Amino acid sequence: KLLDVESAQLLVEIFGRLEKSIRADDMSFKPLLPEDEFALSERVEALSHWVRGFLEGVALQMGPTLMEKGDDIREILQDLVEISQIDSDIDEDDASEIEFMEVVEHVRMSVLSLYFSCDDGESSKQPKAPTIH
């Protein structure tokens, strides 16, 4: 099913903000996840879905060249695959909350590392808004 124009424009805008935050010198990138008022299990599930979607995007963009990037990249990707499979049925306690924040920070740093390790400058040459069919 094709997206309506408004939804497609929103996705382009979100992508642009994401790329801008990843490229920022202040390393302000954060994955778009539910706020703290949501149950921890919902935030864990959202993180899992976010990471899965990120990995799918990386696979579509990089394809077979991804595994040629070296052991560090493979290790980052393996970590992200494991995080994408995380079980959202967890205890709602302070220790789990702290662990969740640590995993989110690991994802954040992994995404930044992956982006800068794989960025060959081509992304800045691409058009700002992808073509929507």
# chains A, B, ... in the order shown; residues from 1 in each chain; ligands from 1

call {"tool": "residues_around", "arguments": {"residues": "Val107 of chain A", "least_positions_apart": "4", "cutoff": "12 Å", "atoms": "only C-alpha atoms", "output": "PDB file with N, CA, C and O atoms, in the first residue's frame"}}
result
ATOM      1  N   PHE A  29      22.084  12.951  18.683  1.00  0.00           N
ATOM      2  CA  PHE A  29      21.175  11.922  18.186  1.00  0.00           C
ATOM      3  C   PHE A  29      20.600  11.080  19.323  1.00  0.00           C
ATOM      4  O   PHE A  29      21.318  10.664  20.231  1.00  0.00           O
ATOM      5  N   LYS A  30      19.295  10.862  19.257  1.00  0.00           N
ATOM      6  CA  LYS A  30      18.615   9.917  20.144  1.00  0.00           C
ATOM      7  C   LYS A  30      17.564   9.209  19.311  1.00  0.00           C
ATOM      8  O   LYS A  30      16.870   9.844  18.522  1.00  0.00           O
ATOM      9  N   PRO A  31      17.424   7.891  19.474  1.00  0.00           N
ATOM     10  CA  PRO A  31      16.358   7.205  18.737  1.00  0.00           C
ATOM     11  C   PRO A  31      15.001   7.720  19.206  1.00  0.00           C
ATOM     12  O   PRO A  31      14.827   8.071  20.376  1.00  0.00           O
ATOM     13  N   LEU A  32      14.075   7.793  18.292  1.00  0.00           N
ATOM     14  CA  LEU A  32      12.730   8.267  18.598  1.00  0.00           C
ATOM     15  C   LEU A  32      11.965   7.150  19.305  1.00  0.00           C
ATOM     16  O   LEU A  32      11.561   6.168  18.694  1.00  0.00           O
ATOM     17  N   LEU A  33      11.809   7.315  20.612  1.00  0.00           N
ATOM     18  CA  LEU A  33      11.182   6.299  21.460  1.00  0.00           C
ATOM     19  C   LEU A  33      10.124   6.952  22.341  1.00  0.00           C
ATOM     20  O   LEU A  33      10.161   8.167  22.565  1.00  0.00           O
ATOM     21  N   LEU A  47      11.877   0.099  21.457  1.00  0.00           N
ATOM     22  CA  LEU A  47      13.310   0.072  21.138  1.00  0.00           C
ATOM     23  C   LEU A  47      13.624  -1.093  20.215  1.00  0.00           C
ATOM     24  O   LEU A  47      14.354  -0.935  19.227  1.00  0.00           O
ATOM     25  N   SER A  48      13.065  -2.238  20.511  1.00  0.00           N
ATOM     26  CA  SER A  48      13.266  -3.412  19.670  1.00  0.00           C
ATOM     27  C   SER A  48      12.813  -3.138  18.237  1.00  0.00           C
ATOM     28  O   SER A  48      13.533  -3.441  17.274  1.00  0.00           O
ATOM     29  N   TRP A  50      12.426  -0.174  16.830  1.00  0.00           N
ATOM     30  CA  TRP A  50      13.250   0.890  16.249  1.00  0.00           C
ATOM     31  C   TRP A  50      14.551   0.293  15.708  1.00  0.00           C
ATOM     32  O   TRP A  50      14.964   0.586  14.582  1.00  0.00           O
ATOM     33  N   VAL A  51      15.191  -0.529  16.517  1.00  0.00           N
ATOM     34  CA  VAL A  51      16.466  -1.134  16.101  1.00  0.00           C
ATOM     35  C   VAL A  51      16.252  -2.032  14.886  1.00  0.00           C
ATOM     36  O   VAL A  51      17.044  -2.011  13.936  1.00  0.00           O
ATOM     37  N   ARG A  52      15.174  -2.811  14.885  1.00  0.00           N
ATOM     38  CA  ARG A  52      14.883  -3.678  13.745  1.00  0.00           C
ATOM     39  C   ARG A  52      14.707  -2.847  12.469  1.00  0.00           C
ATOM     40  O   ARG A  52      15.252  -3.178  11.416  1.00  0.00           O
ATOM     41  N   PHE A  54      15.891   0.152  11.923  1.00  0.00           N
ATOM     42  CA  PHE A  54      17.196   0.728  11.588  1.00  0.00           C
ATOM     43  C   PHE A  54      18.053  -0.287  10.841  1.00  0.00           C
ATOM     44  O   PHE A  54      18.657   0.030   9.813  1.00  0.00           O
ATOM     45  N   LEU A  55      18.091  -1.506  11.345  1.00  0.00           N
ATOM     46  CA  LEU A  55      18.887  -2.549  10.696  1.00  0.00           C
ATOM     47  C   LEU A  55      18.384  -2.844   9.283  1.00  0.00           C
ATOM     48  O   LEU A  55      19.193  -3.060   8.373  1.00  0.00           O
ATOM     49  N   ILE A  76      29.158  -4.405  15.981  1.00  0.00           N
ATOM     50  CA  ILE A  76      28.074  -3.441  16.213  1.00  0.00           C
ATOM     51  C   ILE A  76      26.767  -3.999  15.683  1.00  0.00           C
ATOM     52  O   ILE A  76      25.735  -3.955  16.365  1.00  0.00           O
ATOM     53  N   LEU A  77      26.803  -4.527  14.473  1.00  0.00           N
ATOM     54  CA  LEU A  77      25.584  -5.077  13.870  1.00  0.00           C
ATOM     55  C   LEU A  77      25.047  -6.253  14.679  1.00  0.00           C
ATOM     56  O   LEU A  77      23.830  -6.377  14.881  1.00  0.00           O
ATOM     57  N   GLN A  78      25.928  -7.115  15.152  1.00  0.00           N
ATOM     58  CA  GLN A  78      25.499  -8.261  15.957  1.00  0.00           C
ATOM     59  C   GLN A  78      24.845  -7.784  17.254  1.00  0.00           C
ATOM     60  O   GLN A  78      23.812  -8.317  17.663  1.00  0.00           O
ATOM     61  N   ASP A  79      25.439  -6.781  17.904  1.00  0.00           N
ATOM     62  CA  ASP A  79      24.833  -6.213  19.110  1.00  0.00           C
ATOM     63  C   ASP A  79      23.430  -5.689  18.813  1.00  0.00           C
ATOM     64  O   ASP A  79      22.493  -5.931  19.577  1.00  0.00           O
ATOM     65  N   LEU A  80      23.293  -4.970  17.719  1.00  0.00           N
ATOM     66  CA  LEU A  80      21.996  -4.403  17.362  1.00  0.00           C
ATOM     67  C   LEU A  80      20.977  -5.492  17.036  1.00  0.00           C
ATOM     68  O   LEU A  80      19.800  -5.380  17.406  1.00  0.00           O
ATOM     69  N   VAL A  81      21.417  -6.553  16.371  1.00  0.00           N
ATOM     70  CA  VAL A  81      20.510  -7.673  16.087  1.00  0.00           C
ATOM     71  C   VAL A  81      20.014  -8.276  17.401  1.00  0.00           C
ATOM     72  O   VAL A  81      18.811  -8.544  17.564  1.00  0.00           O
ATOM     73  N   GLU A  82      20.905  -8.469  18.351  1.00  0.00           N
ATOM     74  CA  GLU A  82      20.502  -9.021  19.643  1.00  0.00           C
ATOM     75  C   GLU A  82      19.537  -8.086  20.370  1.00  0.00           C
ATOM     76  O   GLU A  82      18.559  -8.543  20.971  1.00  0.00           O
ATOM     77  N   ILE A  83      19.785  -6.791  20.309  1.00  0.00           N
ATOM     78  CA  ILE A  83      18.881  -5.830  20.943  1.00  0.00           C
ATOM     79  C   ILE A  83      17.522  -5.839  20.261  1.00  0.00           C
ATOM     80  O   ILE A  83      16.484  -5.718  20.922  1.00  0.00           O
ATOM     81  N   SER A  84      17.496  -6.032  18.953  1.00  0.00           N
ATOM     82  CA  SER A  84      16.216  -6.059  18.229  1.00  0.00           C
ATOM     83  C   SER A  84      15.361  -7.253  18.629  1.00  0.00           C
ATOM     84  O   SER A  84      14.156  -7.263  18.392  1.00  0.00           O
ATOM     85  N   PHE A 100      17.652  -0.432  30.970  1.00  0.00           N
ATOM     86  CA  PHE A 100      17.056   0.051  29.721  1.00  0.00           C
ATOM     87  C   PHE A 100      17.781   1.306  29.236  1.00  0.00           C
ATOM     88  O   PHE A 100      18.118   1.424  28.055  1.00  0.00           O
ATOM     89  N   MET A 101      18.042   2.240  30.133  1.00  0.00           N
ATOM     90  CA  MET A 101      18.740   3.470  29.741  1.00  0.00           C
ATOM     91  C   MET A 101      20.145   3.159  29.218  1.00  0.00           C
ATOM     92  O   MET A 101      20.609   3.786  28.267  1.00  0.00           O
ATOM     93  N   GLU A 102      20.798   2.174  29.815  1.00  0.00           N
ATOM     94  CA  GLU A 102      22.121   1.771  29.343  1.00  0.00           C
ATOM     95  C   GLU A 102      22.052   1.162  27.945  1.00  0.00           C
ATOM     96  O   GLU A 102      22.916   1.424  27.099  1.00  0.00           O
ATOM     97  N   VAL A 103      21.022   0.362  27.689  1.00  0.00           N
ATOM     98  CA  VAL A 103      20.856  -0.245  26.365  1.00  0.00           C
ATOM     99  C   VAL A 103      20.555   0.836  25.333  1.00  0.00           C
ATOM    100  O   VAL A 103      21.104   0.817  24.228  1.00  0.00           O
ATOM    101  N   VAL A 111      24.757   3.353  16.713  1.00  0.00           N
ATOM    102  CA  VAL A 111      24.268   3.988  15.491  1.00  0.00           C
ATOM    103  C   VAL A 111      25.242   5.055  15.023  1.00  0.00           C
ATOM    104  O   VAL A 111      25.584   5.128  13.837  1.00  0.00           O
ATOM    105  N   LEU A 112      25.716   5.884  15.957  1.00  0.00           N
ATOM    106  CA  LEU A 112      26.685   6.922  15.580  1.00  0.00           C
ATOM    107  C   LEU A 112      27.974   6.296  15.050  1.00  0.00           C
ATOM    108  O   LEU A 112      28.506   6.744  14.023  1.00  0.00           O
ATOM    109  N   SER A 113      28.474   5.283  15.727  1.00  0.00           N
ATOM    110  CA  SER A 113      29.708   4.613  15.271  1.00  0.00           C
ATOM    111  C   SER A 113      29.519   4.009  13.891  1.00  0.00           C
ATOM    112  O   SER A 113      30.381   4.152  13.017  1.00  0.00           O
ATOM    113  N   LEU A 114      28.398   3.334  13.707  1.00  0.00           N
ATOM    114  CA  LEU A 114      28.110   2.718  12.417  1.00  0.00           C
ATOM    115  C   LEU A 114      28.002   3.768  11.325  1.00  0.00           C
ATOM    116  O   LEU A 114      28.566   3.616  10.243  1.00  0.00           O
ATOM    117  N   TYR A 115      27.305   4.827  11.618  1.00  0.00           N
ATOM    118  CA  TYR A 115      27.116   5.877  10.620  1.00  0.00           C
ATOM    119  C   TYR A 115      28.454   6.477  10.192  1.00  0.00           C
ATOM    120  O   TYR A 115      28.742   6.595   9.010  1.00  0.00           O
TER     121      TYR A 115
END

call {"tool": "closest_residue", "arguments": {"among": "A:Val44, A:Ser7, A:Ala95, A:Phe116", "to": "Ile22 of chain A", "atoms": "only C-alpha atoms"}}
result
A:Phe116

call {"tool": "select_by_dssp", "arguments": {"residues": "segment 38-90 of chain A", "states": "alpha helix (DSSP H)", "output": "CSV table (one decimal) with N, CA and C atoms, in the first residue's frame"}}
result
chain,number,residue,atom,x,y,z
A,40,LEU,N,7.6,0.6,31.0
A,40,LEU,CA,8.9,0.1,30.6
A,40,LEU,C,8.8,-1.0,29.5
A,41,SER,N,7.9,-1.9,29.7
A,41,SER,CA,7.7,-2.9,28.7
A,41,SER,C,7.4,-2.3,27.3
A,42,GLU,N,6.6,-1.3,27.3
A,42,GLU,CA,6.3,-0.6,26.0
A,42,GLU,C,7.5,0.1,25.4
A,43,ARG,N,8.3,0.7,26.2
A,43,ARG,CA,9.5,1.3,25.7
A,43,ARG,C,10.5,0.3,25.2
A,44,VAL,N,10.6,-0.8,25.9
A,44,VAL,CA,11.5,-1.9,25.5
A,44,VAL,C,11.1,-2.4,24.1
A,45,GLU,N,9.8,-2.6,24.0
A,45,GLU,CA,9.2,-3.1,22.7
A,45,GLU,C,9.5,-2.1,21.6
A,46,ALA,N,9.3,-0.8,21.9
A,46,ALA,CA,9.5,0.2,20.9
A,46,ALA,C,11.0,0.3,20.5
A,47,LEU,N,11.9,0.1,21.5
A,47,LEU,CA,13.3,0.1,21.1
A,47,LEU,C,13.6,-1.1,20.2
A,48,SER,N,13.1,-2.2,20.5
A,48,SER,CA,13.3,-3.4,19.7
A,48,SER,C,12.8,-3.1,18.2
A,49,HIS,N,11.6,-2.6,18.1
A,49,HIS,CA,11.1,-2.2,16.8
A,49,HIS,C,12.0,-1.2,16.1
A,50,TRP,N,12.4,-0.2,16.8
A,50,TRP,CA,13.3,0.9,16.2
A,50,TRP,C,14.6,0.3,15.7
A,51,VAL,N,15.2,-0.5,16.5
A,51,VAL,CA,16.5,-1.1,16.1
A,51,VAL,C,16.3,-2.0,14.9
A,52,ARG,N,15.2,-2.8,14.9
A,52,ARG,CA,14.9,-3.7,13.7
A,52,ARG,C,14.7,-2.8,12.5
A,53,GLY,N,14.0,-1.8,12.6
A,53,GLY,CA,13.8,-0.9,11.4
A,53,GLY,C,15.1,-0.3,11.0
A,54,PHE,N,15.9,0.2,11.9
A,54,PHE,CA,17.2,0.7,11.6
A,54,PHE,C,18.1,-0.3,10.8
A,55,LEU,N,18.1,-1.5,11.3
A,55,LEU,CA,18.9,-2.5,10.7
A,55,LEU,C,18.4,-2.8,9.3
A,56,GLU,N,17.1,-2.9,9.1
A,56,GLU,CA,16.5,-3.1,7.8
A,56,GLU,C,16.9,-1.9,6.8
A,57,GLY,N,16.9,-0.7,7.3
A,57,GLY,CA,17.3,0.4,6.5
A,57,GLY,C,18.8,0.3,6.2
A,58,VAL,N,19.6,0.0,7.1
A,58,VAL,CA,21.1,-0.2,6.9
A,58,VAL,C,21.3,-1.3,5.8
A,59,ALA,N,20.6,-2.4,6.0
A,59,ALA,CA,20.7,-3.5,5.0
A,59,ALA,C,20.3,-3.1,3.6
A,60,LEU,N,19.2,-2.3,3.5
A,60,LEU,CA,18.8,-1.8,2.2
A,60,LEU,C,19.8,-0.9,1.6
A,61,GLN,N,20.4,0.0,2.4
A,61,GLN,CA,21.3,1.0,1.9
A,61,GLN,C,22.7,0.4,1.6
A,62,MET,N,23.2,-0.4,2.5
A,62,MET,CA,24.6,-0.9,2.3
A,62,MET,C,24.7,-2.2,1.6
A,71,ASP,N,35.6,-6.1,11.3
A,71,ASP,CA,35.1,-6.8,12.5
A,71,ASP,C,34.4,-5.8,13.4
A,72,ASP,N,34.8,-4.6,13.6
A,72,ASP,CA,34.1,-3.6,14.4
A,72,ASP,C,32.7,-3.4,14.0
A,73,ILE,N,32.5,-3.3,12.7
A,73,ILE,CA,31.1,-3.1,12.2
A,73,ILE,C,30.3,-4.3,12.4
A,74,ARG,N,30.9,-5.5,12.1
A,74,ARG,CA,30.1,-6.8,12.4
A,74,ARG,C,29.7,-6.9,13.8
A,75,GLU,N,30.6,-6.5,14.7
A,75,GLU,CA,30.3,-6.6,16.2
A,75,GLU,C,29.1,-5.6,16.5
A,76,ILE,N,29.2,-4.4,16.0
A,76,ILE,CA,28.1,-3.4,16.2
A,76,ILE,C,26.8,-4.0,15.7
A,77,LEU,N,26.8,-4.5,14.5
A,77,LEU,CA,25.6,-5.1,13.9
A,77,LEU,C,25.0,-6.3,14.7
A,78,GLN,N,25.9,-7.1,15.2
A,78,GLN,CA,25.5,-8.3,16.0
A,78,GLN,C,24.8,-7.8,17.3
A,79,ASP,N,25.4,-6.8,17.9
A,79,ASP,CA,24.8,-6.2,19.1
A,79,ASP,C,23.4,-5.7,18.8
A,80,LEU,N,23.3,-5.0,17.7
A,80,LEU,CA,22.0,-4.4,17.4
A,80,LEU,C,21.0,-5.5,17.0
A,81,VAL,N,21.4,-6.6,16.4
A,81,VAL,CA,20.5,-7.7,16.1
A,81,VAL,C,20.0,-8.3,17.4
A,82,GLU,N,20.9,-8.5,18.4
A,82,GLU,CA,20.5,-9.0,19.6
A,82,GLU,C,19.5,-8.1,20.4
A,83,ILE,N,19.8,-6.8,20.3
A,83,ILE,CA,18.9,-5.8,20.9
A,83,ILE,C,17.5,-5.8,20.3
A,84,SER,N,17.5,-6.0,19.0
A,84,SER,CA,16.2,-6.1,18.2
A,84,SER,C,15.4,-7.3,18.6

call {"tool": "atom_distance", "arguments": {"atom1": "atom CA of Asp26 of chain A", "atom2": "atom CA of Phe38 of chain A"}}
result
27.4 Å

call {"tool": "decode", "arguments": {"residues": "segment 42-108 of chain A", "atoms": "C-alpha atoms", "output": "mmCIF file, in the first residue's frame"}}
result
data_model
loop_
_atom_site.group_PDB
_atom_site.id
_atom_site.type_symbol
_atom_site.label_atom_id
_atom_site.label_comp_id
_atom_site.auth_asym_id
_atom_site.auth_seq_id
_atom_site.Cartn_x
_atom_site.Cartn_y
_atom_site.Cartn_z
ATOM 1 C CA GLU A 42 6.260 -0.633 25.980
ATOM 2 C CA ARG A 43 9.499 1.335 25.732
ATOM 3 C CA VAL A 44 11.538 -1.876 25.457
ATOM 4 C CA GLU A 45 9.245 -3.131 22.709
ATOM 5 C CA ALA A 46 9.510 0.220 20.901
ATOM 6 C CA LEU A 47 13.310 0.072 21.138
ATOM 7 C CA SER A 48 13.266 -3.412 19.670
ATOM 8 C CA HIS A 49 11.115 -2.231 16.761
ATOM 9 C CA TRP A 50 13.250 0.890 16.249
ATOM 10 C CA VAL A 51 16.466 -1.134 16.101
ATOM 11 C CA ARG A 52 14.883 -3.678 13.745
ATOM 12 C CA GLY A 53 13.770 -0.893 11.411
ATOM 13 C CA PHE A 54 17.196 0.728 11.588
ATOM 14 C CA LEU A 55 18.887 -2.549 10.696
ATOM 15 C CA GLU A 56 16.522 -3.079 7.778
ATOM 16 C CA GLY A 57 17.336 0.408 6.513
ATOM 17 C CA VAL A 58 21.068 -0.200 6.869
ATOM 18 C CA ALA A 59 20.746 -3.502 5.002
ATOM 19 C CA LEU A 60 18.801 -1.842 2.187
ATOM 20 C CA GLN A 61 21.291 1.014 1.934
ATOM 21 C CA MET A 62 24.552 -0.889 2.335
ATOM 22 C CA GLY A 63 23.619 -4.348 1.077
ATOM 23 C CA PRO A 64 26.441 -6.837 0.627
ATOM 24 C CA THR A 65 29.158 -4.214 1.182
ATOM 25 C CA LEU A 66 28.204 -4.089 4.847
ATOM 26 C CA MET A 67 30.184 -7.183 5.783
ATOM 27 C CA GLU A 68 33.266 -5.822 4.035
ATOM 28 C CA LYS A 69 33.531 -3.001 6.578
ATOM 29 C CA GLY A 70 35.440 -5.012 9.162
ATOM 30 C CA ASP A 71 35.129 -6.768 12.504
ATOM 31 C CA ASP A 72 34.104 -3.646 14.446
ATOM 32 C CA ILE A 73 31.120 -3.087 12.172
ATOM 33 C CA ARG A 74 30.123 -6.752 12.355
ATOM 34 C CA GLU A 75 30.264 -6.574 16.163
ATOM 35 C CA ILE A 76 28.074 -3.441 16.213
ATOM 36 C CA LEU A 77 25.584 -5.077 13.870
ATOM 37 C CA GLN A 78 25.499 -8.261 15.957
ATOM 38 C CA ASP A 79 24.833 -6.213 19.110
ATOM 39 C CA LEU A 80 21.996 -4.403 17.362
ATOM 40 C CA VAL A 81 20.510 -7.673 16.087
ATOM 41 C CA GLU A 82 20.502 -9.021 19.643
ATOM 42 C CA ILE A 83 18.881 -5.830 20.943
ATOM 43 C CA SER A 84 16.216 -6.059 18.229
ATOM 44 C CA GLN A 85 15.268 -9.448 19.667
ATOM 45 C CA ILE A 86 15.004 -8.267 23.281
ATOM 46 C CA ASP A 87 12.101 -9.602 25.337
ATOM 47 C CA SER A 88 9.736 -6.834 26.416
ATOM 48 C CA ASP A 89 8.349 -8.926 29.287
ATOM 49 C CA ILE A 90 10.521 -7.439 32.030
ATOM 50 C CA ASP A 91 10.142 -6.309 35.612
ATOM 51 C CA GLU A 92 9.075 -2.706 36.098
ATOM 52 C CA ASP A 93 11.684 -1.801 38.716
ATOM 53 C CA ASP A 94 14.487 0.726 39.104
ATOM 54 C CA ALA A 95 17.195 -1.759 38.120
ATOM 55 C CA SER A 96 15.382 -2.588 34.869
ATOM 56 C CA GLU A 97 14.897 1.115 34.176
ATOM 57 C CA ILE A 98 18.637 1.729 34.570
ATOM 58 C CA GLU A 99 19.463 -1.248 32.357
ATOM 59 C CA PHE A 100 17.056 0.051 29.721
ATOM 60 C CA MET A 101 18.740 3.470 29.741
ATOM 61 C CA GLU A 102 22.121 1.771 29.343
ATOM 62 C CA VAL A 103 20.856 -0.245 26.365
ATOM 63 C CA VAL A 104 19.397 2.898 24.762
ATOM 64 C CA GLU A 105 22.769 4.625 25.201
ATOM 65 C CA HIS A 106 24.507 1.603 23.662
ATOM 66 C CA VAL A 107 22.129 1.762 20.692
ATOM 67 C CA ARG A 108 22.732 5.494 20.348
#
